[in-house]
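Enquirer: Okay, handing you the structure first.
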Amino acid sequence: MTEKVRKKLAIIAHGGTIDRLYPVFILSSAASAMDMEIHLYFTFWGLQMLVKGALEKAELPATYKHLEGQLKSSLRMMKYPSIYDMLKMAKASGLVKIYACSSTMKMFGIKKEDLIPEVDKIVGAASFLDLASKAEIALFI
Amino acid sequence: MTEKVRKKLAIIAHGGTIDRLYPVFILSSAASAMDMEIHLYFTFWGLQMLVKGALEKAELPATYKHLEGQLKSSLRMMKYPSIYDMLKMAKASGLVKIYACSSTMKMFGIKKEDLIPEVDKIVGAASFLDLASKAEIALFI
Amino acid sequence: MTEKVRKKLAIIAHGGTIDRLYPVFILSSAASAMDMEIHLYFTFWGLQMLVKGALEKAELPATYKHLEGQLKSSLRMMKYPSIYDMLKMAKASGLVKIYACSSTMKMFGIKKEDLIPEVDKIVGAASFLDLASKAEIALFI
């Protein structure tokens with residue numbers, strides 16, 4: 001029996017703000033519905049948001065800060081899933097892997113036990129480049 | 001007769017500031033001169049700039065806000081085309097398609113009739129991933 | 001004798017802040033350790049940082065400005081190489097090429113002699129797209 005070969009989406013999730021985290025998970029959700037394999041490499045501000053309790057406090061960047069209240073209330077009215085809920089749904093598909101960038105963890109003094117349990121693995125940039133070079137789509141968000 | 005196969009450039013145009021919108025259209029213009037096929041998927045802040053009258057008011061992000069006056073006057077002196085002019089030129093090449101992200105439209109309450117007429121289609125992330133997976137270059141800007 | 005074919009990483013280095021410049025060089029360093037060929041195209045804020053003396057003054061973006069002192073002191077304590085040192089190490093690998101975007105130079109009135117000597121070539125977007133379309137991984141950072 002041969003293993004099924006899926007198309008791959010590889011994302012470097014660098015941004016830590018609402019407007020960047022949603023696209024990471026909206027793309028992951030669409031890709032998993034298309035039966036793609038998704039690899040999310042969280043680094044820098046993105047990684048900081050994988051610390052327990054951080055996603056719940058995600059904000060908009062300085063440029064758009066004044067729109068935050070309005071966006072959050074509109075998401076609530078639409079009963080739009082929260083970022084963390086989208087992450088959990090992504091994981092539940094079985095097609096999404098979440099990696100934490102080892103250099104960022106050192107740079108910011110973040111330990112493994114600080115991270116949410118949905119993280120699959122702590123890896124360096126080389127492991128991710130290897131995955132990304134085999135992916136049909138690689139994005140830096 | 002077989003259809004000509006062109007190389008493809010797929011861009012998720014996420015940013016809504018001058019410094020991100022220009023690269024989207026400078027890359028599109030260079031790619032169309034190379035006879036590539038270009039697919040631009042406007043989402044989040046990028047999509048908001050496709051609302052009629054918005055591109056004319058594009059600004060720099062908070063970090064560089066203090067350079068805005070200087071940049072705008074330097075672009076005027078160079079008679080550099082405006083972002084909207086570049087969008088129109090891109091469309092005139094016949095090689096550029098402009099997509100509006102359907103989830104963003106719901107999130108921000110934007111209706112079809114609010115958008116500039118150059119938008120080709122309103123689609124979801126899945127349609128775009130399908131295009132991007134066939135593209136030689138896919139970027140998130 | 002045939003030339004060795006290496007996998008390629010192509011990056012549009014658009015950001016000019018610490019949090020975007022480090023990823024450019026961390027990815028370049030990992031890719032060169034994997035014997036990949038790396039093409040870095042500096043444009044907009046990224047290009048401005050190739051002006052002599054600029055990299056040394058790189059800052060964090062407005063959203064994260066309040067964390068700058070803490071990040072810089074943590075990098076110093078870790079004896080983490082500076083961005084310019086990482087650029088020099090990248091070049092020393094012989095696998096990294098640095099390009100300056102010609103349109104940005106005109107837009108900001110930057111001259112060839114203003115740039116650090118590590119820049120290999122001043123080119124337009126078309127030359128870069130040509131490289132990127134042959135690369136396994138293309139990113140906009």
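Ordering of the structure tokens sets the chain letters (A, B, ...); residue numbers start at 1 within each chain; ligands are numbered from 1 in the order shown.
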Once you count only C-alpha atoms, what closest atom pair and distance in Å to one decimal does each residue of chain B within 10 Å of chain A have, with rows by chain and rising residue number, as a tab-separated table?
Expert:
```
residue	atom	partner	partner_atom	distance
B:Ala10	CA	A:Ile137	CA	10.0
B:Ile11	CA	A:Leu139	CA	10.0
B:Ile12	CA	A:Leu139	CA	9.4
B:His14	CA	A:Arg20	CA	8.8
B:Gly15	CA	A:Asp19	CA	9.7
B:Thr17	CA	A:Thr63	CA	9.3
B:Thr43	CA	A:Pro23	CA	8.7
B:Phe44	CA	A:Asp19	CA	7.1
B:Trp45	CA	A:Asp19	CA	8.4
B:Glu59	CA	A:Thr63	CA	9.7
B:Leu60	CA	A:Thr63	CA	8.6
B:Pro61	CA	A:Thr63	CA	5.4
B:Ala62	CA	A:Thr63	CA	4.8
B:Thr63	CA	A:Thr63	CA	7.9
B:Tyr64	CA	A:Thr63	CA	9.9
B:Lys65	CA	A:Thr63	CA	9.1
B:Ser103	CA	A:Ile26	CA	9.1
B:Thr104	CA	A:Pro23	CA	10.0
B:Lys106	CA	A:Met78	CA	8.7
B:Met107	CA	A:Leu75	CA	6.7
B:Phe108	CA	A:Leu71	CA	7.6
B:Gly109	CA	A:Ser74	CA	8.9
B:Gly124	CA	A:Ala30	CA	8.4
B:Ala125	CA	A:Ala30	CA	6.1
B:Ala126	CA	A:Ala30	CA	5.1
B:Ser127	CA	A:Ala30	CA	8.9
B:Phe128	CA	A:Leu27	CA	9.4
B:Leu129	CA	A:Ala31	CA	7.1
B:Asp130	CA	A:Met34	CA	8.7
B:Ala132	CA	A:Ile137	CA	6.6
B:Ser133	CA	A:Glu136	CA	5.2
B:Lys134	CA	A:Glu136	CA	7.5
B:Ala135	CA	A:Glu136	CA	8.3
B:Glu136	CA	A:Glu136	CA	8.8
B:Ile137	CA	A:Ile137	CA	8.3
B:Ala138	CA	A:Ile137	CA	6.5
B:Leu139	CA	A:Leu139	CA	6.0
B:Phe140	CA	A:Leu139	CA	6.0
B:Ile141	CA	A:Ile141	CA	8.0
```
Enquirer: Now that the selection is made, can you save its residues with N, CA, C and O atoms as a compact mmCIF listing (two decimals), in the first residue's frame?
Expert:
```
# COMPACT_ATOMS: atom_id res chain seq x y z
N ALA B 10 0.58 34.37 -8.02
CA ALA B 10 -0.62 34.49 -7.19
C ALA B 10 -0.26 35.28 -5.94
O ALA B 10 0.68 34.94 -5.23
N ILE B 11 -1.01 36.35 -5.68
CA ILE B 11 -0.70 37.19 -4.52
C ILE B 11 -1.94 37.33 -3.62
O ILE B 11 -3.03 37.60 -4.10
N ILE B 12 -1.74 37.09 -2.32
CA ILE B 12 -2.76 37.45 -1.34
C ILE B 12 -2.44 38.88 -0.94
O ILE B 12 -1.43 39.14 -0.28
N HIS B 14 -3.04 41.42 1.35
CA HIS B 14 -3.61 41.55 2.69
C HIS B 14 -3.43 42.97 3.23
O HIS B 14 -4.26 43.47 3.97
N GLY B 15 -2.36 43.62 2.85
CA GLY B 15 -2.04 44.94 3.39
C GLY B 15 -2.83 46.05 2.71
O GLY B 15 -3.13 45.97 1.53
N THR B 17 -1.89 49.42 3.15
CA THR B 17 -1.11 50.65 3.18
C THR B 17 -0.30 50.82 1.89
O THR B 17 -0.04 49.86 1.17
N THR B 43 -7.77 40.61 0.52
CA THR B 43 -8.38 40.19 1.77
C THR B 43 -8.07 41.21 2.87
O THR B 43 -7.16 42.03 2.74
N PHE B 44 -8.81 41.16 3.94
CA PHE B 44 -8.61 42.04 5.10
C PHE B 44 -8.37 43.51 4.71
O PHE B 44 -9.17 44.08 4.01
N TRP B 45 -7.27 44.13 5.14
CA TRP B 45 -7.06 45.56 4.86
C TRP B 45 -6.95 45.80 3.37
O TRP B 45 -7.32 46.86 2.87
N GLU B 59 -2.68 55.26 3.09
CA GLU B 59 -1.69 55.91 3.95
C GLU B 59 -0.50 54.98 4.19
O GLU B 59 -0.51 53.83 3.76
N LEU B 60 0.50 55.47 4.90
CA LEU B 60 1.59 54.60 5.36
C LEU B 60 1.21 54.02 6.72
O LEU B 60 0.40 54.60 7.44
N PRO B 61 1.78 52.88 7.11
CA PRO B 61 1.47 52.31 8.43
C PRO B 61 2.06 53.16 9.55
O PRO B 61 2.94 54.00 9.31
N ALA B 62 1.59 52.94 10.77
CA ALA B 62 1.99 53.74 11.93
C ALA B 62 3.50 53.92 12.04
O ALA B 62 4.00 55.03 12.28
N THR B 63 4.24 52.84 11.85
CA THR B 63 5.70 52.88 11.99
C THR B 63 6.36 53.93 11.10
O THR B 63 7.38 54.51 11.45
N TYR B 64 5.78 54.15 9.93
CA TYR B 64 6.40 55.04 8.95
C TYR B 64 5.55 56.26 8.63
O TYR B 64 5.84 56.99 7.68
N LYS B 65 4.52 56.48 9.42
CA LYS B 65 3.57 57.57 9.17
C LYS B 65 4.27 58.92 8.95
O LYS B 65 3.86 59.71 8.10
N SER B 103 -15.12 36.10 2.84
CA SER B 103 -15.23 36.17 4.32
C SER B 103 -14.97 37.58 4.82
O SER B 103 -15.62 38.04 5.76
N THR B 104 -13.95 38.25 4.23
CA THR B 104 -13.67 39.61 4.67
C THR B 104 -14.87 40.51 4.43
O THR B 104 -15.19 41.38 5.25
N LYS B 106 -17.99 39.77 4.51
CA LYS B 106 -18.96 39.55 5.58
C LYS B 106 -18.47 40.19 6.88
O LYS B 106 -19.19 40.89 7.57
N MET B 107 -17.18 39.94 7.19
CA MET B 107 -16.60 40.43 8.45
C MET B 107 -16.73 41.95 8.58
O MET B 107 -16.95 42.48 9.66
N PHE B 108 -16.54 42.66 7.46
CA PHE B 108 -16.56 44.12 7.52
C PHE B 108 -17.85 44.72 6.93
O PHE B 108 -17.95 45.93 6.78
N GLY B 109 -18.82 43.85 6.61
CA GLY B 109 -20.09 44.37 6.09
C GLY B 109 -19.95 45.12 4.77
O GLY B 109 -20.61 46.13 4.54
N GLY B 124 -14.03 32.59 -2.17
CA GLY B 124 -13.52 32.19 -0.86
C GLY B 124 -12.06 31.77 -0.95
O GLY B 124 -11.49 31.68 -2.05
N ALA B 125 -11.46 31.52 0.20
CA ALA B 125 -10.05 31.16 0.29
C ALA B 125 -9.74 29.89 -0.51
O ALA B 125 -8.65 29.77 -1.10
N ALA B 126 -10.69 28.95 -0.56
CA ALA B 126 -10.44 27.69 -1.26
C ALA B 126 -10.16 27.91 -2.75
O ALA B 126 -9.22 27.34 -3.32
N SER B 127 -10.97 28.77 -3.39
CA SER B 127 -10.75 29.05 -4.81
C SER B 127 -9.35 29.62 -5.02
O SER B 127 -8.67 29.32 -5.99
N PHE B 128 -8.94 30.48 -4.08
CA PHE B 128 -7.62 31.06 -4.25
C PHE B 128 -6.51 30.04 -4.04
O PHE B 128 -5.53 30.03 -4.79
N LEU B 129 -6.66 29.20 -3.03
CA LEU B 129 -5.62 28.17 -2.78
C LEU B 129 -5.47 27.27 -4.00
O LEU B 129 -4.36 26.84 -4.33
N ASP B 130 -6.58 27.01 -4.66
CA ASP B 130 -6.53 26.18 -5.85
C ASP B 130 -5.67 26.84 -6.92
O ASP B 130 -4.79 26.21 -7.52
N ALA B 132 -3.39 29.24 -6.38
CA ALA B 132 -2.03 29.40 -5.86
C ALA B 132 -1.23 28.11 -5.95
O ALA B 132 -0.03 28.13 -6.19
N SER B 133 -1.92 26.97 -5.79
CA SER B 133 -1.18 25.70 -5.81
C SER B 133 -0.68 25.38 -7.23
O SER B 133 0.18 24.53 -7.40
N LYS B 134 -1.22 26.07 -8.21
CA LYS B 134 -0.75 25.87 -9.59
C LYS B 134 0.20 26.97 -10.04
O LYS B 134 0.67 26.98 -11.17
N ALA B 135 0.45 27.93 -9.16
CA ALA B 135 1.30 29.07 -9.52
C ALA B 135 2.77 28.81 -9.23
O ALA B 135 3.10 28.13 -8.26
N GLU B 136 3.64 29.34 -10.07
CA GLU B 136 5.08 29.23 -9.83
C GLU B 136 5.48 30.06 -8.62
O GLU B 136 6.39 29.72 -7.88
N ILE B 137 4.80 31.19 -8.43
CA ILE B 137 5.10 32.08 -7.30
C ILE B 137 3.81 32.44 -6.57
O ILE B 137 2.85 32.89 -7.20
N ALA B 138 3.80 32.23 -5.25
CA ALA B 138 2.65 32.65 -4.43
C ALA B 138 3.19 33.48 -3.28
O ALA B 138 4.13 33.07 -2.59
N LEU B 139 2.63 34.67 -3.09
CA LEU B 139 3.13 35.57 -2.05
C LEU B 139 1.98 36.10 -1.20
O LEU B 139 0.86 36.29 -1.69
N PHE B 140 2.28 36.38 0.06
CA PHE B 140 1.32 37.03 0.97
C PHE B 140 1.90 38.42 1.26
O PHE B 140 2.97 38.53 1.85
N ILE B 141 1.23 39.45 0.78
CA ILE B 141 1.79 40.81 0.91
C ILE B 141 0.97 41.69 1.83
O ILE B 141 -0.20 41.84 1.63
```
Enquirer: Name the residues of range 22-69 of chain C that fall into strand (DSSP E or B) according to DSSP on the backbone, using the chain letters and numbers of this document, as an MDAnalysis selection string.
Expert: chainID C and resid 37:42 51
Enquirer: Those same residues - N, CA, C and O atoms - I'd like them written as a CSV table (one decimal), in the first residue's frame.
Expert:
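Full text of again_32.csv as output:
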```csv
chain,number,residue,atom,x,y,z
C,37,GLU,N,20.5,27.7,-2.6
C,37,GLU,CA,21.0,28.9,-3.2
C,37,GLU,C,20.0,30.0,-2.8
C,37,GLU,O,18.8,29.7,-2.8
C,38,ILE,N,20.4,31.1,-2.3
C,38,ILE,CA,19.5,32.1,-1.7
C,38,ILE,C,19.6,33.4,-2.4
C,38,ILE,O,20.7,34.0,-2.6
C,39,HIS,N,18.4,33.9,-2.8
C,39,HIS,CA,18.3,35.2,-3.5
C,39,HIS,C,17.5,36.2,-2.7
C,39,HIS,O,16.3,35.9,-2.5
C,40,LEU,N,18.1,37.3,-2.2
C,40,LEU,CA,17.4,38.2,-1.4
C,40,LEU,C,17.2,39.5,-2.2
C,40,LEU,O,18.2,40.2,-2.6
C,41,TYR,N,16.0,39.9,-2.4
C,41,TYR,CA,15.7,41.1,-3.1
C,41,TYR,C,15.2,42.2,-2.2
C,41,TYR,O,14.0,42.1,-1.7
C,42,PHE,N,16.0,43.2,-1.9
C,42,PHE,CA,15.6,44.2,-0.9
C,42,PHE,C,14.8,45.3,-1.6
C,42,PHE,O,15.3,45.9,-2.5
C,51,VAL,N,21.2,51.0,3.2
C,51,VAL,CA,22.0,52.2,3.1
C,51,VAL,C,23.1,52.1,4.3
C,51,VAL,O,22.7,51.7,5.4
```
Enquirer: Would you list the contacts of Leu21 in chain C as a compact mmCIF listing (two decimals) with N, CA and C atoms, in the first residue's frame, taking every protein, DNA or RNA residue within 10 Å and counting only C-alpha atoms, but skipping same-chain residues closer than 3 positions in sequence?
Expert:
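Result file is part27.txt:
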```txt
# COMPACT_ATOMS: atom_id res chain seq x y z
N ALA C 13 12.69 41.02 0.55
CA ALA C 13 12.90 41.58 1.88
C ALA C 13 12.34 43.00 1.89
N HIS C 14 11.08 43.11 2.25
CA HIS C 14 10.34 44.37 2.18
C HIS C 14 10.37 45.11 3.52
N GLY C 15 10.42 44.39 4.60
CA GLY C 15 10.36 45.01 5.93
C GLY C 15 11.70 45.59 6.36
N GLY C 16 11.66 46.67 7.13
CA GLY C 16 12.90 47.31 7.54
C GLY C 16 13.08 47.25 9.05
N THR C 17 12.23 46.49 9.73
CA THR C 17 12.31 46.44 11.19
C THR C 17 13.01 45.15 11.64
N ILE C 18 13.55 45.21 12.87
CA ILE C 18 14.32 44.10 13.44
C ILE C 18 13.61 42.76 13.29
N VAL C 24 14.72 37.14 7.73
CA VAL C 24 15.37 37.05 6.41
C VAL C 24 16.71 36.35 6.54
N PHE C 25 17.51 36.73 7.55
CA PHE C 25 18.85 36.18 7.64
C PHE C 25 18.90 34.84 8.38
N ILE C 26 17.95 34.61 9.29
CA ILE C 26 17.89 33.29 9.94
C ILE C 26 17.50 32.24 8.90
N GLY C 46 12.98 47.57 3.42
CA GLY C 46 14.12 46.67 3.44
C GLY C 46 15.31 47.28 2.75
N MET C 49 17.31 49.88 4.54
CA MET C 49 18.20 49.37 5.57
C MET C 49 19.54 48.92 5.00
N LEU C 55 21.40 49.52 9.10
CA LEU C 55 21.09 48.26 9.80
C LEU C 55 21.36 48.38 11.30
N ALA C 58 18.33 49.65 13.23
CA ALA C 58 17.02 49.01 13.03
C ALA C 58 16.21 49.01 14.32
N ILE C 83 22.24 42.01 13.08
CA ILE C 83 21.67 41.77 11.74
C ILE C 83 22.77 41.91 10.67
N TYR C 84 23.61 42.95 10.81
CA TYR C 84 24.67 43.15 9.81
C TYR C 84 25.66 41.98 9.85
N MET C 86 24.95 38.94 10.60
CA MET C 86 24.29 37.80 9.95
C MET C 86 24.32 37.96 8.43
N LEU C 87 24.15 39.20 7.98
CA LEU C 87 24.23 39.47 6.53
C LEU C 87 25.62 39.11 6.01
N ILE C 141 8.71 39.04 2.85
CA ILE C 141 8.87 39.25 4.30
C ILE C 141 8.86 40.74 4.66
```
Enquirer: Which of range 24-135 of chain B end up as helix (DSSP H, G or I) when DSSP is run on this backbone - answer as a ChimeraX atom specification?
Expert: /B:24-33,44-48,55-57,62-77,83-92,102-108,112-114,125-132
Enquirer: CA of Gly94 in chain B and CA of Val123 in chain B, how far apart in Å?
Expert: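 CA of Gly94 in chain B lies at a distance of 19.5 Å from CA of Val123 in chain B.
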Enquirer: Tell me which of C:Leu131, C:Glu68, C:Asp120, C:Arg6 sits closest to Ile98 in chain C, counting only C-alpha atoms.
Expert: C:Asp120
Enquirer: Tell me, as a list in words, which residues lie within 9 Å of Ile122 in chain B, counting only C-alpha atoms; anything in the same chain fewer than 4 positions away does not count.
Expert: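 Contacts, in chain order: Ile98, Tyr99, Ala100, Cys101, Ser102, Met105 and Lys112 of chain B.
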Enquirer: Could you write those residues out with N, CA, C and O atoms, as a compact mmCIF listing (two decimals), in the first residue's frame?
Expert:
```txt
# COMPACT_ATOMS: atom_id res chain seq x y z
N ILE B 98 -8.59 40.18 -10.53
CA ILE B 98 -8.72 40.70 -9.17
C ILE B 98 -9.89 40.02 -8.46
O ILE B 98 -11.03 40.07 -8.95
N TYR B 99 -9.60 39.37 -7.34
CA TYR B 99 -10.60 38.66 -6.57
C TYR B 99 -10.82 39.36 -5.23
O TYR B 99 -9.85 39.83 -4.61
N ALA B 100 -12.06 39.38 -4.77
CA ALA B 100 -12.36 39.92 -3.44
C ALA B 100 -12.71 38.75 -2.52
O ALA B 100 -13.46 37.86 -2.91
N CYS B 101 -12.15 38.76 -1.32
CA CYS B 101 -12.34 37.67 -0.36
C CYS B 101 -13.72 37.75 0.26
O CYS B 101 -14.08 38.73 0.93
N SER B 102 -14.51 36.69 0.08
CA SER B 102 -15.90 36.71 0.55
C SER B 102 -16.01 36.79 2.08
O SER B 102 -16.87 37.48 2.61
N MET B 105 -15.55 40.31 3.30
CA MET B 105 -16.70 41.16 3.00
C MET B 105 -17.77 41.02 4.07
O MET B 105 -18.34 42.02 4.53
N LYS B 112 -21.09 43.95 -2.57
CA LYS B 112 -20.56 43.92 -3.93
C LYS B 112 -20.56 45.30 -4.57
O LYS B 112 -19.59 45.73 -5.19
```
Enquirer: Give me the residues near Asp114 in chain B as a list in words, where near means some atom within 10 Å (using only C-alpha atoms) and where sequence neighbours in that chain fewer than 6 positions away do not count.
Expert: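 The residues that qualify are Gln48, Leu50, Val51, Lys52 and Gly53 of chain B.
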Enquirer: Please dump the current selection as a PDB file, in the first residue's frame; keep C-alpha atoms.
Expert:
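Final file, selection.pdb:
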```
ATOM      1  CA  GLN B  48     -11.058  47.398   2.299  1.00  0.00           C
ATOM      2  CA  LEU B  50     -11.093  48.061  -3.084  1.00  0.00           C
ATOM      3  CA  VAL B  51     -14.101  49.932  -1.710  1.00  0.00           C
ATOM      4  CA  LYS B  52     -14.816  52.888  -4.038  1.00  0.00           C
ATOM      5  CA  GLY B  53     -12.753  55.925  -3.065  1.00  0.00           C
TER       6      GLY B  53
END
```
Enquirer: What separation in Å, quoted to one decimal, exists between CA of Lys88 in chain A and CA of Arg76 in chain A?
Expert: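 For CA of Lys88 in chain A relative to CA of Arg76 in chain A, the distance reads 18.3 Å.
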Enquirer: Take CA of Lys79 in chain A and CA of Val119 in chain A and report the distance between them in Å, one decimal.
Expert: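 We find that CA of Lys79 in chain A and CA of Val119 in chain A lie 25.7 Å from each other.
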